[in-house]
Protein chains: 2
Amino acid sequence: MTAPTAEGSLPAEFSFVGRHFRPLAGPGSLGLQDDAAVLAPPAGRELVLAADAMVESVHFLPDDPPDSIGRKLLRCNLSDLAAMGAVPLGYLLTVCRPAGLDDDWFAGFCRGLADDQRTFGLSLLGGDTTSTRGPLVLSLTIMGHVAPGCAITRAGARPGDGLWVTGTIGDGALGLRARLGDYADPSGFFTARYRVPTPRLGLDLAGVVSAAMDISDGLVQDTGHMARASAVAIEIEAARVPRSDPDPALLPLCLTGGDDYELLLAVPPQHTEALQARCAAVGVPLTRIGLCHAGAPAVRVLGDDGMPLTFTRTGWSHIDPEN
Amino acid sequence: MTAPTAEGSLPAEFSFVGRHFRPLAGPGSLGLQDDAAVLAPPAGRELVLAADAMVESVHFLPDDPPDSIGRKLLRCNLSDLAAMGAVPLGYLLTVCRPAGLDDDWFAGFCRGLADDQRTFGLSLLGGDTTSTRGPLVLSLTIMGHVAPGCAITRAGARPGDGLWVTGTIGDGALGLRARLGDYADPSGFFTARYRVPTPRLGLDLAGVVSAAMDISDGLVQDTGHMARASAVAIEIEAARVPRSDPDPALLPLCLTGGDDYELLLAVPPQHTEALQARCAAVGVPLTRIGLCHAGAPAVRVLGDDGMPLTFTRTGWSHIDPEN
C-alpha cells in the first residue's frame, strides 16, 4: 500500500490527484493542495448537505463506462439537492481505488464529472484518495444552498395534497434488468436511464409543494418514508404512474425497483397550477399519481379495480436484512 | 444485497441507521430522515471543509477496538480543521459495511464517535450506509468555520520563519509497529497514540503562524509539501525533533512513518513568544525543529554532524507507486 519515493519527489498519490482531480477543482479548493477547502457561504443563505457512497457491483456494474459512473455519483447527490429545493454549490469526493483501475479509467471517470460540473454549475472542493484491496468505493458529499427556511423536507405532506412525480418511473430498474440481460433494450434508452439519471434541479419548488423527496429506492418504499415523516396515509393509483414500458407484467418491478431519481411531491390543490407551470417552463414531465389522506401512516397502491395491490418487496435496502 | 421487506415495515438500512447513528445526529440533521441536512452557517464566518476515507487494513487494523476506529476517523479530520485554524461544526459519514460486522461492532464504533463529539463540540449532520463485499470503508466529511480570510494554509512560510511542531513525532509509527509485533510497548502508550491521535484544536493560530499543516504522512514528506506550497527551502535538525523513544535507530521511522496528527508550523521570529504562550495556555508541547530559507523548494534533514541525512522513503503514499 505504500510507495517508496525518492527524497524530494512527489509521492504517487499526489501526481495522481494532480493529473485527474485538480482540473475539476474550483474556487475554495486551494488547488486540492491543502488540508481543507475554504468557502465563503453565499450571504444570507442556508446550506444543504448530503452524502452518498457508491460501491462497485452494488450501485453500478464493473463494466459500466467510467464517465457514466462519475455522472451517476454526482447526479444521485444532485438529486438530493433537487428534492430539498437547493442550488448546487460544490462537492467533496473520496475514492478508494483497487489496483486494477488504471489511468484511462480515471480519465474517463473525471471526464464525466467535468461534463456534469459544467451542466449543473458546481465544482470539486476537496477529498481524499486511498487504495483498497476490495471493490471500488466512491463517496461524495454535496453542498447546496437555499433561502433561509425554504428547504423542503419529506415531512410536510397534508391530507388533501395531491401526490405527483416528475418524469417516468421504473426506467432505471428496467435499465438494470437490461444490463443483466433480462430485458430487451434495443435503443439503449433504459440502460442510459439506469446509468445516467436526471436530477430534477431548477424547479423552484419552495412555497408550492408541501413535501418532496427523490425516488431512489423504489416508489412504494420511498412513498412510505414520506407517509411516515408527514404522518399521512398515501394512496397511489397504479394506472396513473407514468412508465416508459406499459407492460402490465412489469408494474411491480417499476414501482419497487429503485434508481429512478425522479421527485416525489406532495402538492396542495391550490398550488397545482403553479407547479405545472414551473415544470412546463423547464420541460419536466409531471404526473399526479395519488392523494394524501388523514390516517395512520401507510401506503396503498390501488389496481385498476380499485383494490390494493401487494408487493413481495417495496424497494431496495442497501444492507442485509438481518440487521 | 437487497432485503425483501414486508410492505409497510422499515427496511433494514433504516432501522440500522436509527439504532446506531440517529443518537449522534445534531441540529440541522433533520433526524437523518430526509434527503439532506440543512445548516445555517455561522454569520460572518467562512467554512472549512475536508474529507478523509479510511479502509480496513490500510488505515486501521481489523482487530482495533471499534470505538478507537470511530475516534481516529473523526480525529484525523479534526486535525485537518486544526491545521487550518478552524472551529469544528459538524460532519457527514458514509459507511460501506461488510457482512461480518455486527451490531456490537457498530455500537462500539458509535460510542467512540459520541464521546469525541462531546469532547470536540460537533455532531453528525448526515450520511449514507451501504453494504460491500470488500473491507470496511469509512468516509467522513468535516465542516468547520473561521473568521473571513483567517484560514491558515501551507503556502505562507517565508525565509527566516522557524519550523515548529506540536507534541512528539513518530509515536504513531511506533504504535503501528507495536501493533504488528515489531516493537515492545508494555505501557500501551504508543499503541494508544496510533489508535487515537490528538487533534491540536484551539490554538488560535491565525496571525501568529505563517503556514500550518497537519503531519499525517510522515514529517519529512509533509515538510516537503509545505516547502513546495510556500516556495522555500526547509532545514530540519534531526536532533531537535521531539520523540517519545529517543533510540537513534528509530530516527528514520519516526521522521517518515506517518500517523502523527501533530501540527507543522512556520512561525516568523517576532511571533514565537505569542505562539509559545498560546500552546502553553492549553498544555500543548511545542518545539522548534528547523528553519525556512530562501531557495528552491526542498527539505534537508541534518544529522548531529550537520551533514544531510538520506532516507529510503520520506513518508506514506496511499496509492500504488506505478500510478
# chains A, B, ... in the order shown; residues from 1 in each chain; ligands from 1
>>> select_by_dssp(residues="stretch 2-196 of chain B", states="helix (DSSP H, G or I)", output="PyMOL selection string")
chain B and resi 12-20+22-24+30-32+66-84+103-120+171-179+189-195
>>> residues_around(residues="B:Ala298", least_positions_apart="3", cutoff="9 Å", atoms="only C-alpha atoms", output="list in words")
Gly8 of chain A; Thr223, Gly224, Ala227, Arg228, Ala231, Val232, Ala233, Ile234, Glu235 and Gly295 of chain B
>>> write_last_selection(atoms="N, CA and C atoms", output="tab-separated table (two decimals), in the first residue's frame")
chain	number	residue	atom	x	y	z
A	8	GLY	N	12.35	14.13	-2.08
A	8	GLY	CA	12.09	15.33	-2.87
A	8	GLY	C	11.10	15.12	-3.99
B	223	THR	N	6.73	17.99	5.33
B	223	THR	CA	7.51	19.22	5.27
B	223	THR	C	7.81	19.59	3.81
B	224	GLY	N	8.00	18.56	3.00
B	224	GLY	CA	8.19	18.80	1.56
B	224	GLY	C	6.99	19.48	0.93
B	227	ALA	N	7.18	23.07	1.89
B	227	ALA	CA	8.26	23.73	1.15
B	227	ALA	C	7.81	24.07	-0.28
B	228	ARG	N	7.17	23.11	-0.93
B	228	ARG	CA	6.70	23.36	-2.30
B	228	ARG	C	5.60	24.41	-2.34
B	231	ALA	N	7.20	27.70	-1.52
B	231	ALA	CA	8.39	28.05	-2.32
B	231	ALA	C	9.54	28.50	-1.44
B	232	VAL	N	9.84	27.67	-0.43
B	232	VAL	CA	11.00	27.91	0.43
B	232	VAL	C	11.78	26.60	0.57
B	233	ALA	N	13.05	26.71	0.96
B	233	ALA	CA	13.83	25.55	1.36
B	233	ALA	C	13.70	25.40	2.87
B	234	ILE	N	13.54	24.18	3.36
B	234	ILE	CA	13.37	23.98	4.80
B	234	ILE	C	14.44	23.03	5.30
B	235	GLU	N	15.09	23.43	6.39
B	235	GLU	CA	16.09	22.58	7.04
B	235	GLU	C	15.55	22.12	8.39
B	295	GLY	N	15.37	29.80	-1.35
B	295	GLY	CA	15.98	28.77	-2.19
B	295	GLY	C	14.93	27.90	-2.82
>>> closest_residue(among="B:Gln276, B:Ser244, B:Thr94, B:Thr314", to="B:Val137", atoms="only C-alpha atoms")
B:Thr94
>>> residues_around(residues="stretch 199-203 of chain B", least_positions_apart="4", cutoff="7 Å", atoms="only C-alpha atoms", output="MDAnalysis selection string")
chainID B and resid 75 78:79 82 261:263 278:279
>>> write_last_selection(atoms="N, CA and C atoms", output="PDB file, in the first residue's frame")
ATOM      1  N   ARG B  75     -10.982  12.150  14.467  1.00  0.00           N
ATOM      2  CA  ARG B  75      -9.832  12.965  14.867  1.00  0.00           C
ATOM      3  C   ARG B  75      -8.898  13.290  13.701  1.00  0.00           C
ATOM      4  N   LEU B  78     -10.586  16.143  12.240  1.00  0.00           N
ATOM      5  CA  LEU B  78     -10.459  17.302  13.139  1.00  0.00           C
ATOM      6  C   LEU B  78      -9.055  17.894  13.051  1.00  0.00           C
ATOM      7  N   SER B  79      -8.059  17.027  12.827  1.00  0.00           N
ATOM      8  CA  SER B  79      -6.687  17.504  12.694  1.00  0.00           C
ATOM      9  C   SER B  79      -6.538  18.409  11.466  1.00  0.00           C
ATOM     10  N   ALA B  82      -7.845  21.660  12.570  1.00  0.00           N
ATOM     11  CA  ALA B  82      -6.859  22.303  13.451  1.00  0.00           C
ATOM     12  C   ALA B  82      -5.776  22.990  12.634  1.00  0.00           C
ATOM     13  N   TYR B 261      -0.446  13.225  13.280  1.00  0.00           N
ATOM     14  CA  TYR B 261      -1.535  14.177  13.528  1.00  0.00           C
ATOM     15  C   TYR B 261      -1.125  15.254  14.534  1.00  0.00           C
ATOM     16  N   GLU B 262       0.147  15.623  14.440  1.00  0.00           N
ATOM     17  CA  GLU B 262       0.633  16.835  15.102  1.00  0.00           C
ATOM     18  C   GLU B 262       0.660  17.951  14.061  1.00  0.00           C
ATOM     19  N   LEU B 263       0.838  19.180  14.526  1.00  0.00           N
ATOM     20  CA  LEU B 263       0.885  20.307  13.597  1.00  0.00           C
ATOM     21  C   LEU B 263       2.314  20.679  13.260  1.00  0.00           C
ATOM     22  N   ARG B 278       0.346  30.688  23.571  1.00  0.00           N
ATOM     23  CA  ARG B 278      -0.926  30.050  23.231  1.00  0.00           C
ATOM     24  C   ARG B 278      -0.865  28.542  23.448  1.00  0.00           C
ATOM     25  N   CYS B 279       0.272  27.940  23.112  1.00  0.00           N
ATOM     26  CA  CYS B 279       0.403  26.497  23.327  1.00  0.00           C
ATOM     27  C   CYS B 279       0.483  26.183  24.824  1.00  0.00           C
TER      28      CYS B 279
END
>>> select_by_dssp(residues="stretch 127-289 of chain A", states="strand (DSSP E or B)", output="compact mmCIF listing (two decimals) with all heavy atoms, in the first residue's frame")
# COMPACT_ATOMS: atom_id res chain seq x y z
N GLY A 127 -11.14 16.36 -1.05
CA GLY A 127 -11.39 14.93 -0.96
C GLY A 127 -10.15 14.17 -0.57
O GLY A 127 -9.22 14.72 0.02
N ASP A 128 -10.14 12.90 -0.94
CA ASP A 128 -9.10 12.00 -0.49
C ASP A 128 -9.06 10.82 -1.46
O ASP A 128 -10.09 10.40 -1.98
CB ASP A 128 -9.42 11.52 0.93
CG ASP A 128 -8.29 10.76 1.60
OD1 ASP A 128 -7.12 10.95 1.19
OD2 ASP A 128 -8.56 9.99 2.53
N THR A 129 -7.85 10.30 -1.72
CA THR A 129 -7.74 9.06 -2.49
C THR A 129 -6.93 8.07 -1.67
O THR A 129 -5.99 8.45 -0.98
CB THR A 129 -7.02 9.27 -3.83
OG1 THR A 129 -5.71 9.78 -3.58
CG2 THR A 129 -7.78 10.23 -4.72
N THR A 130 -7.33 6.82 -1.73
CA THR A 130 -6.62 5.79 -0.99
C THR A 130 -6.75 4.48 -1.76
O THR A 130 -7.56 4.36 -2.67
CB THR A 130 -7.18 5.68 0.44
OG1 THR A 130 -6.38 4.77 1.18
CG2 THR A 130 -8.61 5.19 0.43
N SER A 131 -5.92 3.53 -1.40
CA SER A 131 -6.01 2.22 -2.05
C SER A 131 -6.96 1.32 -1.27
O SER A 131 -7.27 1.57 -0.11
CB SER A 131 -4.62 1.58 -2.10
OG SER A 131 -4.15 1.36 -0.79
N VAL A 137 -14.80 1.97 -4.20
CA VAL A 137 -15.79 2.67 -3.38
C VAL A 137 -15.63 4.17 -3.60
O VAL A 137 -14.51 4.70 -3.50
CB VAL A 137 -15.62 2.36 -1.88
CG1 VAL A 137 -16.60 3.19 -1.05
CG2 VAL A 137 -15.84 0.88 -1.59
N LEU A 138 -16.73 4.81 -3.92
CA LEU A 138 -16.75 6.26 -4.16
C LEU A 138 -17.70 6.88 -3.15
O LEU A 138 -18.82 6.39 -2.98
CB LEU A 138 -17.25 6.54 -5.58
CG LEU A 138 -16.49 5.85 -6.71
CD1 LEU A 138 -17.32 5.80 -7.98
CD2 LEU A 138 -15.17 6.56 -6.94
N SER A 139 -17.28 7.94 -2.50
CA SER A 139 -18.18 8.62 -1.57
C SER A 139 -18.15 10.11 -1.89
O SER A 139 -17.08 10.70 -2.03
CB SER A 139 -17.73 8.37 -0.12
OG SER A 139 -18.58 9.05 0.78
N LEU A 140 -19.33 10.68 -2.04
CA LEU A 140 -19.42 12.09 -2.44
C LEU A 140 -20.30 12.85 -1.45
O LEU A 140 -21.38 12.39 -1.09
CB LEU A 140 -19.99 12.18 -3.87
CG LEU A 140 -19.86 13.53 -4.56
CD1 LEU A 140 -19.65 13.34 -6.07
CD2 LEU A 140 -21.04 14.43 -4.32
N THR A 141 -19.79 13.96 -0.97
CA THR A 141 -20.57 14.87 -0.13
C THR A 141 -20.86 16.11 -0.95
O THR A 141 -19.94 16.74 -1.47
CB THR A 141 -19.80 15.26 1.14
OG1 THR A 141 -19.55 14.09 1.91
CG2 THR A 141 -20.60 16.24 1.98
N ILE A 142 -22.14 16.44 -1.07
CA ILE A 142 -22.53 17.59 -1.89
C ILE A 142 -23.05 18.70 -1.00
O ILE A 142 -23.60 18.45 0.08
CB ILE A 142 -23.57 17.18 -2.96
CG1 ILE A 142 -23.56 18.18 -4.12
CG2 ILE A 142 -24.96 17.03 -2.36
CD1 ILE A 142 -24.20 17.64 -5.38
N MET A 143 -22.86 19.92 -1.46
CA MET A 143 -23.32 21.08 -0.73
C MET A 143 -24.09 21.99 -1.67
O MET A 143 -23.66 22.23 -2.80
CB MET A 143 -22.10 21.83 -0.20
CG MET A 143 -22.40 22.78 0.93
SD MET A 143 -20.89 23.63 1.45
CE MET A 143 -19.68 22.41 1.05
N GLY A 144 -25.23 22.46 -1.20
CA GLY A 144 -26.01 23.42 -1.95
C GLY A 144 -26.51 24.50 -1.01
O GLY A 144 -26.15 24.53 0.17
N HIS A 145 -27.32 25.39 -1.54
CA HIS A 145 -27.85 26.45 -0.67
C HIS A 145 -29.29 26.77 -1.04
O HIS A 145 -29.75 26.53 -2.16
CB HIS A 145 -26.96 27.71 -0.74
CG HIS A 145 -26.79 28.27 -2.12
ND1 HIS A 145 -27.62 29.23 -2.64
CD2 HIS A 145 -25.90 27.99 -3.09
CE1 HIS A 145 -27.23 29.54 -3.87
NE2 HIS A 145 -26.19 28.81 -4.17
N VAL A 146 -30.01 27.25 -0.02
CA VAL A 146 -31.44 27.62 -0.17
C VAL A 146 -31.66 28.93 0.59
O VAL A 146 -30.86 29.30 1.46
CB VAL A 146 -32.39 26.57 0.44
CG1 VAL A 146 -32.38 25.28 -0.38
CG2 VAL A 146 -32.05 26.28 1.90
N GLY A 162 -52.26 16.46 -3.34
CA GLY A 162 -52.04 15.51 -4.41
C GLY A 162 -50.62 14.97 -4.34
O GLY A 162 -49.71 15.64 -3.84
N LEU A 163 -50.43 13.73 -4.82
CA LEU A 163 -49.10 13.13 -4.88
C LEU A 163 -48.68 13.12 -6.35
O LEU A 163 -49.39 12.59 -7.21
CB LEU A 163 -49.12 11.71 -4.32
CG LEU A 163 -47.74 11.07 -4.15
CD1 LEU A 163 -47.00 11.69 -2.96
CD2 LEU A 163 -47.86 9.56 -3.99
N TRP A 164 -47.54 13.70 -6.64
CA TRP A 164 -47.07 13.89 -8.01
C TRP A 164 -45.67 13.31 -8.16
O TRP A 164 -44.91 13.24 -7.20
CB TRP A 164 -47.03 15.38 -8.36
CG TRP A 164 -48.35 16.08 -8.32
CD1 TRP A 164 -49.07 16.42 -7.20
CD2 TRP A 164 -49.14 16.50 -9.44
NE1 TRP A 164 -50.25 17.04 -7.55
CE2 TRP A 164 -50.32 17.11 -8.93
CE3 TRP A 164 -48.96 16.44 -10.82
CZ2 TRP A 164 -51.30 17.65 -9.75
CZ3 TRP A 164 -49.94 16.98 -11.65
CH2 TRP A 164 -51.10 17.57 -11.11
N VAL A 165 -45.35 12.92 -9.38
CA VAL A 165 -43.97 12.54 -9.71
C VAL A 165 -43.52 13.27 -10.97
O VAL A 165 -44.33 13.57 -11.85
CB VAL A 165 -43.79 11.02 -9.94
CG1 VAL A 165 -43.97 10.24 -8.65
CG2 VAL A 165 -44.71 10.50 -11.04
N THR A 166 -42.23 13.54 -11.03
CA THR A 166 -41.63 14.01 -12.28
C THR A 166 -41.26 12.80 -13.14
O THR A 166 -41.10 11.68 -12.63
CB THR A 166 -40.35 14.83 -12.02
OG1 THR A 166 -39.41 14.00 -11.31
CG2 THR A 166 -40.64 16.08 -11.19
N ALA A 211 -44.22 18.84 0.51
CA ALA A 211 -43.18 17.85 0.83
C ALA A 211 -42.56 17.38 -0.48
O ALA A 211 -43.22 17.38 -1.52
CB ALA A 211 -43.77 16.65 1.58
N ALA A 212 -41.28 17.02 -0.39
CA ALA A 212 -40.59 16.50 -1.58
C ALA A 212 -39.51 15.53 -1.14
O ALA A 212 -38.96 15.64 -0.04
CB ALA A 212 -39.96 17.63 -2.39
N MET A 213 -39.21 14.57 -1.99
CA MET A 213 -38.06 13.68 -1.80
C MET A 213 -37.71 13.10 -3.16
O MET A 213 -38.52 13.15 -4.09
CB MET A 213 -38.37 12.56 -0.80
CG MET A 213 -39.44 11.60 -1.24
SD MET A 213 -39.80 10.36 0.04
CE MET A 213 -38.23 9.50 0.13
N ASP A 214 -36.49 12.58 -3.26
CA ASP A 214 -36.20 11.92 -4.53
C ASP A 214 -36.44 10.42 -4.39
O ASP A 214 -36.34 9.85 -3.31
CB ASP A 214 -34.80 12.27 -5.07
CG ASP A 214 -33.68 11.53 -4.40
OD1 ASP A 214 -33.78 11.23 -3.18
OD2 ASP A 214 -32.67 11.25 -5.06
N ILE A 215 -36.83 9.81 -5.49
CA ILE A 215 -37.17 8.39 -5.50
C ILE A 215 -35.93 7.63 -5.91
O ILE A 215 -35.54 7.63 -7.08
CB ILE A 215 -38.32 8.12 -6.50
CG1 ILE A 215 -39.51 9.02 -6.19
CG2 ILE A 215 -38.72 6.65 -6.45
CD1 ILE A 215 -40.54 9.06 -7.33
N ALA A 233 -51.67 9.07 5.44
CA ALA A 233 -51.83 7.87 4.61
C ALA A 233 -51.78 8.31 3.15
O ALA A 233 -52.32 9.37 2.81
CB ALA A 233 -53.16 7.20 4.91
N ILE A 234 -51.12 7.53 2.32
CA ILE A 234 -50.98 7.92 0.92
C ILE A 234 -51.51 6.79 0.03
O ILE A 234 -51.17 5.62 0.24
CB ILE A 234 -49.51 8.25 0.56
CG1 ILE A 234 -49.00 9.41 1.41
CG2 ILE A 234 -49.39 8.57 -0.93
CD1 ILE A 234 -47.56 9.85 1.11
N GLU A 235 -52.36 7.16 -0.91
CA GLU A 235 -52.88 6.21 -1.88
C GLU A 235 -52.31 6.53 -3.25
O GLU A 235 -52.36 7.69 -3.70
CB GLU A 235 -54.41 6.31 -1.95
CG GLU A 235 -55.11 5.02 -1.57
CD GLU A 235 -56.59 5.23 -1.40
OE1 GLU A 235 -57.18 6.03 -2.17
OE2 GLU A 235 -57.15 4.63 -0.48
N ILE A 236 -51.76 5.51 -3.91
CA ILE A 236 -51.24 5.64 -5.27
C ILE A 236 -52.16 4.84 -6.20
O ILE A 236 -52.49 3.69 -5.89
CB ILE A 236 -49.80 5.09 -5.37
CG1 ILE A 236 -48.83 5.95 -4.55
CG2 ILE A 236 -49.35 5.00 -6.83
CD1 ILE A 236 -47.42 5.37 -4.45
N GLU A 237 -52.58 5.43 -7.30
CA GLU A 237 -53.32 4.67 -8.32
C GLU A 237 -52.31 4.16 -9.33
O GLU A 237 -51.72 4.94 -10.09
CB GLU A 237 -54.35 5.57 -8.99
CG GLU A 237 -55.48 6.00 -8.05
CD GLU A 237 -56.40 7.01 -8.74
OE1 GLU A 237 -57.10 6.61 -9.69
OE2 GLU A 237 -56.38 8.18 -8.32
N GLU A 262 -36.25 10.45 -9.77
CA GLU A 262 -37.29 11.42 -10.05
C GLU A 262 -37.76 11.99 -8.70
O GLU A 262 -37.40 11.47 -7.64
CB GLU A 262 -38.46 10.76 -10.78
CG GLU A 262 -38.10 10.22 -12.16
CD GLU A 262 -37.78 11.33 -13.17
OE1 GLU A 262 -38.07 12.51 -12.88
OE2 GLU A 262 -37.24 11.01 -14.25
N LEU A 263 -38.53 13.07 -8.74
CA LEU A 263 -39.02 13.67 -7.50
C LEU A 263 -40.43 13.19 -7.19
O LEU A 263 -41.27 13.06 -8.08
CB LEU A 263 -39.02 15.20 -7.60
CG LEU A 263 -37.65 15.86 -7.73
CD1 LEU A 263 -37.80 17.39 -7.76
CD2 LEU A 263 -36.71 15.45 -6.59
N LEU A 264 -40.67 12.94 -5.91
CA LEU A 264 -41.99 12.64 -5.38
C LEU A 264 -42.44 13.88 -4.62
O LEU A 264 -41.73 14.34 -3.72
CB LEU A 264 -41.90 11.44 -4.44
CG LEU A 264 -43.20 10.95 -3.80
CD1 LEU A 264 -44.09 10.29 -4.87
CD2 LEU A 264 -42.90 9.95 -2.68
N LEU A 265 -43.60 14.42 -4.99
CA LEU A 265 -44.02 15.72 -4.47
C LEU A 265 -45.43 15.64 -3.89
O LEU A 265 -46.32 15.04 -4.51
CB LEU A 265 -44.01 16.76 -5.60
CG LEU A 265 -42.69 16.89 -6.37
CD1 LEU A 265 -42.91 17.70 -7.65
CD2 LEU A 265 -41.62 17.53 -5.50
N ALA A 266 -45.63 16.24 -2.73
CA ALA A 266 -46.98 16.42 -2.19
C ALA A 266 -47.36 17.87 -2.43
O ALA A 266 -46.61 18.79 -2.08
CB ALA A 266 -47.00 16.10 -0.69
N VAL A 267 -48.52 18.09 -3.05
CA VAL A 267 -48.87 19.43 -3.54
C VAL A 267 -50.30 19.80 -3.13
O VAL A 267 -51.25 19.10 -3.52
CB VAL A 267 -48.76 19.47 -5.09
CG1 VAL A 267 -48.94 20.90 -5.60
CG2 VAL A 267 -47.43 18.91 -5.55
N LEU A 286 -44.68 15.98 -15.56
CA LEU A 286 -45.23 15.98 -14.21
C LEU A 286 -46.56 15.25 -14.24
O LEU A 286 -47.41 15.53 -15.09
CB LEU A 286 -45.44 17.43 -13.75
CG LEU A 286 -46.01 17.66 -12.37
CD1 LEU A 286 -44.95 17.33 -11.31
CD2 LEU A 286 -46.48 19.10 -12.21
N THR A 287 -46.75 14.31 -13.33
CA THR A 287 -47.96 13.48 -13.34
C THR A 287 -48.49 13.30 -11.92
O THR A 287 -47.72 12.98 -11.01
CB THR A 287 -47.66 12.07 -13.92
OG1 THR A 287 -46.98 12.22 -15.17
CG2 THR A 287 -48.93 11.27 -14.09
N ARG A 288 -49.80 13.47 -11.76
CA ARG A 288 -50.39 13.17 -10.46
C ARG A 288 -50.66 11.67 -10.38
O ARG A 288 -51.31 11.11 -11.26
CB ARG A 288 -51.69 13.95 -10.25
CG ARG A 288 -52.16 13.89 -8.79
CD ARG A 288 -53.38 14.73 -8.53
NE ARG A 288 -54.61 14.05 -8.94
CZ ARG A 288 -55.19 13.05 -8.28
NH1 ARG A 288 -54.67 12.61 -7.14
NH2 ARG A 288 -56.30 12.52 -8.73
N ILE A 289 -50.15 11.04 -9.33
CA ILE A 289 -50.31 9.58 -9.20
C ILE A 289 -51.13 9.17 -8.00
O ILE A 289 -51.42 7.99 -7.82
CB ILE A 289 -48.94 8.86 -9.13
CG1 ILE A 289 -48.14 9.32 -7.89
CG2 ILE A 289 -48.13 9.13 -10.41
CD1 ILE A 289 -46.94 8.42 -7.58
>>> atom_distance(atom1="atom CA of A:Val208", atom2="atom CA of B:Ala36")
19.3 Å
>>> residues_around(residues="A:Pro159", least_positions_apart="6", cutoff="6 Å", atoms="only C-alpha atoms", output="MDAnalysis selection string")
chainID A and resid 292:294
>>> write_last_selection(atoms="N, CA and C atoms", output="JSON list (two decimals), in the first residue's frame")
[["chain", "number", "residue", "atom", "x", "y", "z"],
["A", 292, "CYS", "N", -52.93, 12.26, -0.68],
["A", 292, "CYS", "CA", -52.66, 12.08, 0.75],
["A", 292, "CYS", "C", -53.97, 12.16, 1.54],
["A", 293, "HIS", "N", -54.10, 11.28, 2.52],
["A", 293, "HIS", "CA", -55.30, 11.22, 3.34],
["A", 293, "HIS", "C", -54.94, 11.33, 4.82],
["A", 294, "ALA", "N", -55.92, 11.73, 5.63],
["A", 294, "ALA", "CA", -55.75, 11.60, 7.07],
["A", 294, "ALA", "C", -55.74, 10.11, 7.41]]
>>> atom_distance(atom1="atom CA of B:Leu39", atom2="atom CA of A:Pro148")
9.4 Å
>>> closest_residue(among="A:Gly149, A:Gly306, A:Gly156, A:Arg240", to="A:Glu46", atoms="only C-alpha atoms")
A:Gly149
>>> residues_around(residues="B:Ser68", least_positions_apart="2", cutoff="9 Å", atoms="only C-alpha atoms", output="ChimeraX atom specification")
/B:64-66,70-73,108-109,112-113,192,195-196
